[in-house]
Amino acid sequence: MEPSPNDLRAGLVDWQRAARIAGRLAKPGPTAERGQLESLVDELRDAAGRAAGHVATITQLEAQDGTDPKDVSNVLVVDRPRWAQANAEMFGVMTGGVDVPAGQAARAAGAVQVGGVLALLSTKVLGQFDPFTPQDTFHGRLLLVAPNVLHHERKLKVDSSDFRLWVALHEQTHAMQFAAAPWLAEHVRSRAAELLGDLTGEGARSDLLGSVTRALSDGGGGILEALSPEQRTVFEEVGAVMAVLEGHADVTMDEVGPSVVPTVRSIRKAFEARRDQASKGRGLDQVLRRLLGLDAKLAQYRDGAKFVREVRSSVGTSGFNAVFATAENLPLPREIADPRAWVRRVHG
């Protein structure tokens with residue numbers, strides 16, 4: 001089931017227009033012979049199917065409705081323009097409940113900005129699980145961005161088959177998380193919508209514009225400077241949830257071990273080195289990373305993975321999986337840095 005055109009044109013941004021703009025601006029990515037590209041698409045689909053079973057075994061998570069792990073997600077192998085368009089659709093669904101007293105001109109201007117950002121991000125994302133856009137019979141759609149996978153495996157000089165499975169393992173972990181906790185998608189969506197509603201209210205846009213302007217200078221702190229204490233609380237709560245979800249996926253994709261992904265250790269080493277190199281960018285790249293929160297995203301992966309490992313060493317995999325039982329069990333922001341506090345609160 002796809003969002004209707006009217007849904008995408010309403011609300012915070014003209015999402016339909018943002019999708020068109022993002023699709024036009026997104027760069028096509030690396031080139032290869034037709035046969036190689038067809039093989040890439042086929043192998044990514046196959047990797048996603050194989051990854052689902054491994055994820056279920058490692059995480060010990062089950063879909064609450066009993067869906068077979070391989071049928072939890074609608075797997076789509078996409079190019080950069082289609083990824084950008086899919087994310088415009090997803091944001092349209094996520095912000096559907098945000099009441100913004102803006103005219104069509106403001107929504108159109110927002111579409112230009114969002115479309116440009118999505119086009120830029122489309123060059124960086126390897127894969128993504130979208131639990132928000134409705135999919136018939138599936139818990140969500142899993143997007144694997146073929147040109148970015150090809151670019152990274154060439155750049156990192158890693159085994160291509162191993163790398164494709166490794167990426168699929170991360171995204172299928174997200175698919176299983178949301179299937180095991182059907183309430184989780186609405187929890188994240190509602191908290192994000194609450195924050196967006198505050199940020200787009202009366203007078204908020206000038207604050208956001210000022211923070212963007214300051215981010216262009218050496219001392220700028222980016223969008224976070226525009227948040228009130230109440231808004232920052234919501235932002236940090238959502239960040240804690242994302243940290244544990246991303247960290248859990250990172251731990252899972254490595255725990256398959258060499259029997260499943262023979263070169264997993266060398267892939268992780270090369271990937272982390274590239275992450276670190278990217279975080280040290282200068283000039284325009286540094287500004288964009290600050291504005292788009294990419295450095296915060298990197299910290300989420302690492303802090304969340306540390307949280308997962310420490311909790312599991314204390315109470316085991318089933319004990320960690322209490323995270324997915326109820327919203328009250330989600331880690332608080334301070335608990336990401338203090339996993340023992342989460343264990344005491346949840347397990348006594």
# chains A, B, ... in the order shown; residues from 1 in each chain; ligands from 1
>>> residues_around(residues="A:Val238", least_positions_apart="3", cutoff="8 Å", atoms="only C-alpha atoms", output="list in words")
Val188, Arg191, Ala192, Val234, Phe235, Val241 and Met242 of chain A
>>> write_last_selection(atoms="N, CA and C atoms", output="short mmCIF file (atom, residue, chain, number, x, y, z; two decimals), in the first residue's frame")
data_model
loop_
_atom_site.label_atom_id
_atom_site.label_comp_id
_atom_site.auth_asym_id
_atom_site.auth_seq_id
_atom_site.Cartn_x
_atom_site.Cartn_y
_atom_site.Cartn_z
N VAL A 188 8.07 5.60 17.68
CA VAL A 188 9.10 6.47 17.09
C VAL A 188 8.44 7.56 16.25
N ARG A 191 6.78 10.34 18.47
CA ARG A 191 7.77 11.19 19.15
C ARG A 191 8.45 12.11 18.15
N ALA A 192 8.76 11.59 16.97
CA ALA A 192 9.37 12.43 15.93
C ALA A 192 8.39 13.50 15.47
N VAL A 234 13.01 15.50 24.05
CA VAL A 234 12.39 14.59 23.08
C VAL A 234 13.44 14.10 22.08
N PHE A 235 14.29 15.02 21.61
CA PHE A 235 15.34 14.67 20.67
C PHE A 235 16.26 13.60 21.26
N VAL A 241 16.66 5.69 21.54
CA VAL A 241 16.01 4.56 20.87
C VAL A 241 16.77 4.18 19.61
N MET A 242 17.12 5.18 18.81
CA MET A 242 17.85 4.90 17.57
C MET A 242 19.22 4.31 17.86
#
>>> residues_around(residues="stretch 312-318 of chain A", least_positions_apart="6", cutoff="9 Å", atoms="only C-alpha atoms", output="JSON, numbers by chain")
{"A": [58, 59, 60, 61, 340, 343, 347]}
>>> residues_around(residues="A:Val256", least_positions_apart="5", cutoff="10 Å", atoms="only C-alpha atoms", output="VMD selection string")
chain A and resid 51 54 to 55 57 to 58 166 169 251 261 to 262 264
>>> write_last_selection(atoms="N, CA and C atoms", output="short mmCIF file (atom, residue, chain, number, x, y, z; two decimals), in the first residue's frame")
data_model
loop_
_atom_site.label_atom_id
_atom_site.label_comp_id
_atom_site.auth_asym_id
_atom_site.auth_seq_id
_atom_site.Cartn_x
_atom_site.Cartn_y
_atom_site.Cartn_z
N ALA A 51 20.02 -13.51 4.93
CA ALA A 51 20.31 -12.77 6.16
C ALA A 51 19.19 -12.92 7.18
N HIS A 54 19.64 -15.89 9.52
CA HIS A 54 20.77 -15.69 10.44
C HIS A 54 20.40 -14.70 11.55
N VAL A 55 19.70 -13.64 11.18
CA VAL A 55 19.30 -12.62 12.16
C VAL A 55 18.38 -13.23 13.22
N THR A 57 18.24 -16.29 14.23
CA THR A 57 19.01 -17.18 15.10
C THR A 57 19.85 -16.40 16.10
N ILE A 58 20.53 -15.37 15.63
CA ILE A 58 21.43 -14.61 16.51
C ILE A 58 20.68 -13.78 17.53
N TRP A 166 26.70 -8.89 4.49
CA TRP A 166 26.95 -8.13 5.72
C TRP A 166 26.01 -6.94 5.82
N LEU A 169 22.45 -8.12 6.54
CA LEU A 169 22.28 -8.54 7.93
C LEU A 169 21.88 -7.36 8.82
N VAL A 251 25.96 -5.00 16.08
CA VAL A 251 26.45 -6.17 16.81
C VAL A 251 26.04 -7.45 16.08
N VAL A 261 30.05 -15.13 7.14
CA VAL A 261 30.73 -14.09 6.36
C VAL A 261 32.23 -14.26 6.61
N PRO A 262 32.92 -15.03 5.78
CA PRO A 262 34.33 -15.37 6.04
C PRO A 262 35.24 -14.18 6.31
N VAL A 264 34.39 -11.20 7.62
CA VAL A 264 33.65 -10.22 8.42
C VAL A 264 34.57 -9.30 9.20
#
>>> residues_around(residues="A:Val244", least_positions_apart="5", cutoff="10 Å", atoms="only C-alpha atoms", output="PyMOL selection string")
chain A and resi 239+249-250+300-308+323+330-331+336
>>> atom_distance(atom1="atom CA of A:Ala63", atom2="atom CA of A:Pro182")
8.5 Å
>>> closest_residue(among="A:Asn74, A:Thr133, A:Thr31, A:Gln113", to="A:His151", atoms="only C-alpha atoms")
A:Thr31
